[in-house]
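Undergrad: Just passing along the structure, written as C-alpha cells.
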Amino acid sequence: MDSPRGRIYQMARVADGSIEVNPDYVEHMDLCLACRACETACPSGVHYGKLIEAARAQVRQHGKPSKVRRLTEWWLFGHVLRSPFLLSVAGWKLFLYRRLGLQWLVRALGLLKAFPRLDALERLTPASQPPFFFGKIGKVFPAHGRTKHHVALLAGCIANVSFARLNEATVRVLQRNGCEVTVPAGQGCCGALHVHAGLRDMGREQARQNIEALENGGFDAFVTNAAGCGSVLKEYPELFEGDEEWLARAATFSDKVKDVNEFLASIDLNRELAEIPVTVTYQDSCHLLHGQKVRDAPRVLLAAVPGLTFKELPFSEICCGSAGIYNVEHTDISMDLLDDKMRMAQSTGADTIVTANPGCMLQLQAGVERHKTGQRVLHVVELLDEAYRRAPKA
C-alpha cells in the first residue's frame, strides 16, 4: 500500500466510493516522499506527482487534522511564508539564536536530548543570512558587457532569509552571462510548499500573485534557483483546470520558467572561469530530475569549470530525504535516507557535494554535520560564482 501502484489503487477506491478518507489512507498518502522517481521509472508515463498532490488536497478537505496541525498550517502556510515581515522577524531570531551562542549552549548541554524529535528538528533548522535578500526585490541589475537576455529572478520566500547569498550569487552569474536581471516587485512565495502539503487554494493564490507580477515584464525567461519551486512554477496550469482565463495565463507564464541550470546550459556560457581545484559529486534534486526532467544541465555546467574533478554519485537519482517538509514530519525516515546518501557521497572521495535545490542543501549540510565528513555543500550556481569571481579581471 506504500508503493506508487498501491497508493494509486487506494486513490481510485476513494474516488469510486469504495473506501472513505480514513486514518490509514491519510497515513499512506503522508508517508510518500512525492519525489516523483516513479514517474521517471514508469513505462506508461503516469503523472503520479499530480495524483499524490490531488490526494493530499482531498485529505485536507475531507480529513480531520488535529488542532495543532490546523494551527501550524494557518500560521506557517497562511501567514509566515507569505509575509516578508514575518519571515524577516523569524530570520533575525534565528540569527540571534546562533550569534549569541544559544545554539551552542543548547547542544553542548544536551538540553534537547530528552526530546529526540525536537533535537533532530533543531539540527535541521536553516541558518539566517542577513542582510536578507528582500532588499533586492524591485531592483534591476545590469548585464556585464552587452545585454543578451532580459530575465526575471524568482526570489522565493525562505530563500530570501536563509539563502540570501545564493540569490545574490545567482544574480551575479546571470549578469556575467549577459543577462539584465530584474527581481520583480510584487512577487511572493511560489506556493510549492502549499501545493505539496495539499493546500491547493493557498497555492493558487500564490500563483495568481506571481503571474500578475511577472507576466507583462517582457522577460525572456523567469529564472529560479530552487528545483522544488521550479517544478510547481512549471505546473501552475494544473492549479487552474476549469478556469479558462487563468489557465491560459498560467500556461503562458509556465512556458517561460527555467531552472537556473537549465537556462545557463541553454545559452552561450561565459567561459571566463578561474580554475577551481576541487573534487565534486552531484546530488540530483528530485524535483529537477524527476519533476522537470533536467539531468544533464548541472553536469554540463560543472564540466565547464577548469580544474574541477567530477565524481558521479552512486544512486544520485534517489531522494536525500528532504522532500519539502518531509524531514520535519517524518524525521526518522528522512534521516535513514540521508545516512544512505552520505555513505554514497563519502564513497566518491569528493570534498564538495553540489546540488540544485536549497532544501537538498539543508539536508546535505545536516548530513555533513551528522557524519563529521567536513565536506562543503554548495549549489551549482555558487560554484560557478566562485569561479567567475576568482577569474582575472579583463
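Here's how to read the names in the C-alpha cells: chain A, B, ... by the order shown, residue numbers from 1 in each chain, ligand numbers from 1 in the order shown.
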Could you go through range 76-307 of chain A and tell me which residues DSSP, when run on the backbone, assigns to strand (DSSP E or B), listing them as a compact mmCIF listing (two decimals) with N, CA and C atoms, in the first residue's frame?
TA:
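Here's the written file out-v3.txt:
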```
# COMPACT_ATOMS: atom_id res chain seq x y z
N VAL A 140 16.78 46.29 -10.47
CA VAL A 140 17.26 45.77 -11.76
C VAL A 140 18.78 45.78 -11.72
N PHE A 141 19.40 44.65 -12.14
CA PHE A 141 20.85 44.51 -12.13
C PHE A 141 21.32 44.38 -13.57
N HIS A 149 20.19 39.01 -22.77
CA HIS A 149 18.95 38.43 -22.27
C HIS A 149 18.36 39.33 -21.19
N HIS A 150 17.04 39.36 -21.15
CA HIS A 150 16.32 40.05 -20.08
C HIS A 150 15.58 38.98 -19.27
N VAL A 151 15.98 38.79 -18.03
CA VAL A 151 15.38 37.72 -17.23
C VAL A 151 14.84 38.27 -15.91
N ALA A 152 13.87 37.57 -15.37
CA ALA A 152 13.34 37.88 -14.05
C ALA A 152 13.76 36.77 -13.09
N LEU A 153 14.22 37.16 -11.91
CA LEU A 153 14.60 36.18 -10.90
C LEU A 153 13.46 36.02 -9.91
N CYS A 179 23.06 38.81 -18.91
CA CYS A 179 21.65 38.97 -18.53
C CYS A 179 21.42 40.25 -17.74
N GLU A 180 20.43 41.01 -18.16
CA GLU A 180 19.89 42.05 -17.30
C GLU A 180 18.90 41.35 -16.38
N VAL A 181 19.15 41.42 -15.08
CA VAL A 181 18.36 40.65 -14.12
C VAL A 181 17.43 41.57 -13.35
N THR A 182 16.15 41.34 -13.48
CA THR A 182 15.14 42.07 -12.70
C THR A 182 14.62 41.15 -11.62
N ALA A 221 12.88 35.02 -19.86
CA ALA A 221 12.73 33.83 -19.01
C ALA A 221 12.50 34.26 -17.57
N PHE A 222 11.80 33.40 -16.84
CA PHE A 222 11.64 33.56 -15.39
C PHE A 222 12.54 32.52 -14.75
N VAL A 223 13.58 32.95 -14.07
CA VAL A 223 14.61 32.04 -13.58
C VAL A 223 14.44 31.78 -12.09
N THR A 224 14.60 30.51 -11.71
CA THR A 224 14.58 30.12 -10.30
C THR A 224 15.78 29.25 -10.01
N VAL A 257 9.28 29.67 -17.49
CA VAL A 257 10.01 29.31 -16.27
C VAL A 257 11.19 28.41 -16.61
N LYS A 258 12.37 28.77 -16.10
CA LYS A 258 13.58 27.98 -16.33
C LYS A 258 14.35 27.83 -15.01
N ASP A 259 14.77 26.62 -14.73
CA ASP A 259 15.72 26.46 -13.65
C ASP A 259 17.02 27.14 -14.08
N THR A 279 37.29 18.34 -5.86
CA THR A 279 36.65 17.11 -6.33
C THR A 279 35.18 17.18 -5.93
N VAL A 280 34.32 17.10 -6.91
CA VAL A 280 32.89 17.37 -6.71
C VAL A 280 32.06 16.14 -7.06
N THR A 281 31.02 15.92 -6.26
CA THR A 281 29.97 14.97 -6.64
C THR A 281 28.65 15.72 -6.63
N TYR A 282 27.72 15.27 -7.46
CA TYR A 282 26.45 16.00 -7.63
C TYR A 282 25.27 15.13 -7.22
```
Undergrad: So that I can see what lies close to Lys341 in chain A, please list as an MDAnalysis selection string the residues with an atom at most 7 Å from it, counting only C-alpha atoms and leaving out residues fewer than 4 positions away in the same chain.
TA: chainID A and resid 320 337 345
Undergrad: Could you give me, as a ChimeraX atom specification, the residues within 10 Å of Pro116 in chain A, counting only C-alpha atoms and dropping anything in the same chain fewer than 5 positions from it?
TA: /A:121-122,331-332
Undergrad: Go ahead and save the residues from that selection, with C-alpha atoms, as a compact mmCIF listing (two decimals), in the first residue's frame.
TA:
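File produced: result13.txt:
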```txt
# COMPACT_ATOMS: atom_id res chain seq x y z
CA LEU A 121 14.42 19.31 14.08
CA GLU A 122 16.73 21.85 15.75
CA THR A 331 12.31 12.81 10.60
CA ASP A 332 13.34 9.20 11.30
```
Undergrad: If we count only C-alpha atoms, what is near range 51-58 of chain A at a cut-off of 9 Å, once residues fewer than 3 positions away on the same chain are taken out, given as a list in words?
TA: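 What passes the distance filter is Arg7, Ile8, Met11, Val21, Val26, Met29, Asp30, Cys32, Ala34, His47, Tyr48, Gln61, His62, Gly63, Val195, His196, Ala197, Gly198, Leu199 and Arg200 of chain A.
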Undergrad: For the selection you just gave me, I'd like the residues written to a file as a JSON list (two decimals), in the first residue's frame, keeping N, CA and C atoms.
TA:
```json
[["chain", "number", "residue", "atom", "x", "y", "z"],
["A", 7, "ARG", "N", -0.70, 3.09, -3.76],
["A", 7, "ARG", "CA", -1.34, 4.36, -3.42],
["A", 7, "ARG", "C", -2.37, 4.75, -4.49],
["A", 8, "ILE", "N", -2.03, 4.53, -5.75],
["A", 8, "ILE", "CA", -2.98, 4.84, -6.82],
["A", 8, "ILE", "C", -4.24, 3.98, -6.68],
["A", 11, "MET", "N", -6.31, 5.59, -4.05],
["A", 11, "MET", "CA", -6.93, 6.81, -4.58],
["A", 11, "MET", "C", -8.16, 6.47, -5.43],
["A", 21, "VAL", "N", -12.02, 8.50, 3.24],
["A", 21, "VAL", "CA", -10.75, 9.08, 3.66],
["A", 21, "VAL", "C", -10.62, 8.81, 5.15],
["A", 26, "VAL", "N", -4.89, 8.33, 5.03],
["A", 26, "VAL", "CA", -4.12, 9.54, 5.28],
["A", 26, "VAL", "C", -2.66, 9.21, 5.53],
["A", 29, "MET", "N", -0.81, 8.26, 2.30],
["A", 29, "MET", "CA", -0.55, 9.42, 1.45],
["A", 29, "MET", "C", 0.56, 10.29, 2.04],
["A", 30, "ASP", "N", 0.55, 10.46, 3.37],
["A", 30, "ASP", "CA", 1.56, 11.31, 4.02],
["A", 30, "ASP", "C", 2.95, 10.71, 3.99],
["A", 32, "CYS", "N", 4.38, 9.20, 1.63],
["A", 32, "CYS", "CA", 5.02, 9.32, 0.31],
["A", 32, "CYS", "C", 5.96, 10.53, 0.30],
["A", 34, "ALA", "N", 6.85, 12.02, -2.34],
["A", 34, "ALA", "CA", 6.49, 12.84, -3.51],
["A", 34, "ALA", "C", 7.74, 13.25, -4.28],
["A", 47, "HIS", "N", 1.36, 10.35, -14.44],
["A", 47, "HIS", "CA", 1.72, 11.58, -13.75],
["A", 47, "HIS", "C", 1.40, 11.43, -12.26],
["A", 48, "TYR", "N", 2.24, 10.67, -11.59],
["A", 48, "TYR", "CA", 1.98, 10.35, -10.19],
["A", 48, "TYR", "C", 2.02, 11.59, -9.30],
["A", 61, "GLN", "N", -9.41, 18.40, 2.63],
["A", 61, "GLN", "CA", -10.82, 18.79, 2.51],
["A", 61, "GLN", "C", -11.73, 17.90, 3.34],
["A", 62, "HIS", "N", -11.43, 16.59, 3.37],
["A", 62, "HIS", "CA", -12.35, 15.65, 3.99],
["A", 62, "HIS", "C", -11.83, 15.03, 5.29],
["A", 63, "GLY", "N", -10.51, 15.16, 5.51],
["A", 63, "GLY", "CA", -9.95, 14.60, 6.72],
["A", 63, "GLY", "C", -10.20, 15.50, 7.92],
["A", 195, "VAL", "N", 1.26, 23.55, -2.11],
["A", 195, "VAL", "CA", 0.75, 22.53, -3.02],
["A", 195, "VAL", "C", 1.17, 21.13, -2.56],
["A", 196, "HIS", "N", 2.44, 20.98, -2.17],
["A", 196, "HIS", "CA", 2.94, 19.68, -1.72],
["A", 196, "HIS", "C", 2.18, 19.21, -0.47],
["A", 197, "ALA", "N", 1.73, 20.16, 0.35],
["A", 197, "ALA", "CA", 1.02, 19.81, 1.58],
["A", 197, "ALA", "C", -0.48, 19.62, 1.35],
["A", 198, "GLY", "N", -0.93, 19.80, 0.11],
["A", 198, "GLY", "CA", -2.35, 19.63, -0.20],
["A", 198, "GLY", "C", -3.17, 20.89, -0.05],
["A", 199, "LEU", "N", -2.52, 22.03, 0.21],
["A", 199, "LEU", "CA", -3.24, 23.29, 0.41],
["A", 199, "LEU", "C", -3.31, 24.03, -0.93],
["A", 200, "ARG", "N", -4.07, 23.49, -1.84],
["A", 200, "ARG", "CA", -4.07, 23.99, -3.22],
["A", 200, "ARG", "C", -4.70, 25.37, -3.35]]
```
Undergrad: Step one, run DSSP on the backbone; step two, keep only residues of range 147-300 of chain A assigned to helix (DSSP H, G or I); then write them as a ChimeraX atom specification.
TA: /A:159-162,164-176,192-196,200-214,227-234,236-240,244-255,260-266,286-291,296-300
Undergrad: Neighbouring residues of Lys148 in chain A were defined as those with any atom within 12 Å, considering only C-alpha atoms; residues of the same chain fewer than 2 positions away were excluded. Please report them as a PDB file with N, CA and C atoms, in the first residue's frame.
TA:
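What ended up in out_23.pdb:
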```pdb
ATOM      1  N   PRO A 142      22.132  45.333 -14.063  1.00  0.00           N
ATOM      2  CA  PRO A 142      22.526  45.327 -15.477  1.00  0.00           C
ATOM      3  C   PRO A 142      23.483  44.190 -15.817  1.00  0.00           C
ATOM      4  N   ALA A 143      23.469  43.803 -17.066  1.00  0.00           N
ATOM      5  CA  ALA A 143      24.381  42.769 -17.546  1.00  0.00           C
ATOM      6  C   ALA A 143      25.806  43.289 -17.553  1.00  0.00           C
ATOM      7  N   HIS A 144      26.764  42.389 -17.414  1.00  0.00           N
ATOM      8  CA  HIS A 144      28.162  42.753 -17.609  1.00  0.00           C
ATOM      9  C   HIS A 144      28.446  42.695 -19.106  1.00  0.00           C
ATOM     10  N   GLY A 145      28.803  43.828 -19.667  1.00  0.00           N
ATOM     11  CA  GLY A 145      29.009  43.867 -21.110  1.00  0.00           C
ATOM     12  C   GLY A 145      27.688  44.009 -21.843  1.00  0.00           C
ATOM     13  N   ARG A 146      27.630  43.461 -23.045  1.00  0.00           N
ATOM     14  CA  ARG A 146      26.432  43.594 -23.881  1.00  0.00           C
ATOM     15  C   ARG A 146      25.262  42.803 -23.300  1.00  0.00           C
ATOM     16  N   HIS A 150      17.041  39.360 -21.149  1.00  0.00           N
ATOM     17  CA  HIS A 150      16.321  40.051 -20.080  1.00  0.00           C
ATOM     18  C   HIS A 150      15.576  38.982 -19.272  1.00  0.00           C
ATOM     19  N   VAL A 151      15.983  38.788 -18.032  1.00  0.00           N
ATOM     20  CA  VAL A 151      15.381  37.724 -17.229  1.00  0.00           C
ATOM     21  C   VAL A 151      14.844  38.275 -15.913  1.00  0.00           C
ATOM     22  N   LEU A 174      24.238  35.301 -13.574  1.00  0.00           N
ATOM     23  CA  LEU A 174      23.418  35.700 -14.713  1.00  0.00           C
ATOM     24  C   LEU A 174      23.971  36.971 -15.360  1.00  0.00           C
ATOM     25  N   GLN A 175      24.396  37.930 -14.540  1.00  0.00           N
ATOM     26  CA  GLN A 175      24.992  39.158 -15.081  1.00  0.00           C
ATOM     27  C   GLN A 175      26.237  38.840 -15.907  1.00  0.00           C
ATOM     28  N   ARG A 176      27.063  37.931 -15.408  1.00  0.00           N
ATOM     29  CA  ARG A 176      28.284  37.539 -16.110  1.00  0.00           C
ATOM     30  C   ARG A 176      27.981  36.898 -17.466  1.00  0.00           C
ATOM     31  N   ASN A 177      26.760  36.428 -17.612  1.00  0.00           N
ATOM     32  CA  ASN A 177      26.366  35.756 -18.841  1.00  0.00           C
ATOM     33  C   ASN A 177      25.434  36.619 -19.692  1.00  0.00           C
ATOM     34  N   GLY A 178      25.624  37.935 -19.588  1.00  0.00           N
ATOM     35  CA  GLY A 178      24.924  38.856 -20.469  1.00  0.00           C
ATOM     36  C   GLY A 178      23.455  39.064 -20.147  1.00  0.00           C
ATOM     37  N   CYS A 179      23.061  38.812 -18.907  1.00  0.00           N
ATOM     38  CA  CYS A 179      21.651  38.965 -18.530  1.00  0.00           C
ATOM     39  C   CYS A 179      21.417  40.250 -17.743  1.00  0.00           C
ATOM     40  N   GLU A 180      20.433  41.009 -18.163  1.00  0.00           N
ATOM     41  CA  GLU A 180      19.893  42.051 -17.301  1.00  0.00           C
ATOM     42  C   GLU A 180      18.900  41.353 -16.384  1.00  0.00           C
ATOM     43  N   VAL A 181      19.151  41.420 -15.084  1.00  0.00           N
ATOM     44  CA  VAL A 181      18.360  40.650 -14.123  1.00  0.00           C
ATOM     45  C   VAL A 181      17.433  41.574 -13.348  1.00  0.00           C
ATOM     46  N   PHE A 219       9.992  39.749 -20.253  1.00  0.00           N
ATOM     47  CA  PHE A 219      11.194  38.963 -19.949  1.00  0.00           C
ATOM     48  C   PHE A 219      11.331  37.773 -20.904  1.00  0.00           C
ATOM     49  N   ASP A 220      12.592  37.398 -21.154  1.00  0.00           N
ATOM     50  CA  ASP A 220      12.865  36.218 -21.971  1.00  0.00           C
ATOM     51  C   ASP A 220      12.637  34.941 -21.172  1.00  0.00           C
ATOM     52  N   ILE A 267      22.291  28.639 -23.096  1.00  0.00           N
ATOM     53  CA  ILE A 267      22.829  29.832 -23.746  1.00  0.00           C
ATOM     54  C   ILE A 267      24.328  29.643 -23.980  1.00  0.00           C
ATOM     55  N   ASP A 268      24.934  30.621 -24.626  1.00  0.00           N
ATOM     56  CA  ASP A 268      26.380  30.593 -24.872  1.00  0.00           C
ATOM     57  C   ASP A 268      27.079  30.977 -23.566  1.00  0.00           C
ATOM     58  N   LEU A 269      27.478  29.984 -22.794  1.00  0.00           N
ATOM     59  CA  LEU A 269      28.021  30.212 -21.455  1.00  0.00           C
ATOM     60  C   LEU A 269      29.339  30.980 -21.509  1.00  0.00           C
ATOM     61  N   ASN A 270      29.449  31.973 -20.654  1.00  0.00           N
ATOM     62  CA  ASN A 270      30.701  32.709 -20.480  1.00  0.00           C
ATOM     63  C   ASN A 270      31.744  31.765 -19.885  1.00  0.00           C
TER      64      ASN A 270
END
```
Undergrad: Calculate how many Å separate CA of His79 in chain A from CA of Ala227 in chain A, rounding to one decimal.
TA: 22.9 Å
Undergrad: Give me the residues within 7 Å of Ala323 in chain A as a PDB file with N, CA and C atoms, in the first residue's frame, counting only C-alpha atoms and dropping any in the same chain fewer than 3 places off.
TA:
```pdb
ATOM      1  N   LEU A  33       7.174  10.344  -0.218  1.00  0.00           N
ATOM      2  CA  LEU A  33       8.131  11.446  -0.354  1.00  0.00           C
ATOM      3  C   LEU A  33       7.698  12.458  -1.415  1.00  0.00           C
ATOM      4  N   CYS A  35       8.731  12.341  -4.307  1.00  0.00           N
ATOM      5  CA  CYS A  35       9.982  12.612  -5.031  1.00  0.00           C
ATOM      6  C   CYS A  35       9.809  12.434  -6.529  1.00  0.00           C
ATOM      7  N   TYR A 326       9.157  17.000   4.434  1.00  0.00           N
ATOM      8  CA  TYR A 326       9.110  15.594   4.848  1.00  0.00           C
ATOM      9  C   TYR A 326      10.078  15.334   5.993  1.00  0.00           C
ATOM     10  N   ASN A 327      11.271  15.983   5.945  1.00  0.00           N
ATOM     11  CA  ASN A 327      12.245  15.760   7.010  1.00  0.00           C
ATOM     12  C   ASN A 327      11.785  16.321   8.345  1.00  0.00           C
TER      13      ASN A 327
END
```
Undergrad: Pull the closest atom pair for each residue of range 71-140 of chain A that gets at most 12 Å from range 369-384 of chain A, along with the distance in Å to one decimal, counting only C-alpha atoms, ordering rows by chain and then ascending residue number, as CSV.
TA:
```
residue,atom,partner,partner_atom,distance
A:Ala120,CA,A:Arg370,CA,10.2
A:Arg123,CA,A:Glu369,CA,8.9
A:Leu124,CA,A:Glu369,CA,10.3
```
Undergrad: Please produce an output containing N, CA and C atoms for each residue in the selection, written as a PDB file, in the first residue's frame.
TA:
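The result, stored in selection-v1.pdb:
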```pdb
ATOM      1  N   ALA A 120      16.347  16.596  16.660  1.00  0.00           N
ATOM      2  CA  ALA A 120      16.602  16.418  15.227  1.00  0.00           C
ATOM      3  C   ALA A 120      16.119  17.622  14.427  1.00  0.00           C
ATOM      4  N   ARG A 123      18.451  20.600  14.566  1.00  0.00           N
ATOM      5  CA  ARG A 123      19.638  20.458  13.731  1.00  0.00           C
ATOM      6  C   ARG A 123      19.314  20.657  12.244  1.00  0.00           C
ATOM      7  N   LEU A 124      18.043  20.589  11.889  1.00  0.00           N
ATOM      8  CA  LEU A 124      17.627  20.819  10.510  1.00  0.00           C
ATOM      9  C   LEU A 124      17.217  22.272  10.249  1.00  0.00           C
TER      10      LEU A 124
END
```
Undergrad: If you count only C-alpha atoms, which residues fall within 9 Å of Gln292 in chain A, apart from same-chain ones fewer than 2 positions away, as a list in words?
TA: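 Here the answer would be Ala227, Gly230, Ser231, Lys234, Asp259, Cys286, His287, Leu288, Leu289, His290, Val294 and Arg295 of chain A.
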Undergrad: In terms of the shortest atom-to-atom distance over only C-alpha atoms, which of A:Val59, A:Leu193, A:Ile318, A:Val278 is closest to Ala41 in chain A?
TA: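 The answer is A:Ile318, which sits nearest to Ala41 in chain A.
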Undergrad: Which residue, A:Leu166, A:Ala265, A:Val300, A:Cys157, has the smallest gap to Gln206 in chain A when you use only C-alpha atoms?
TA: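 That would be A:Cys157, the residue with the smallest distance to Gln206 in chain A.
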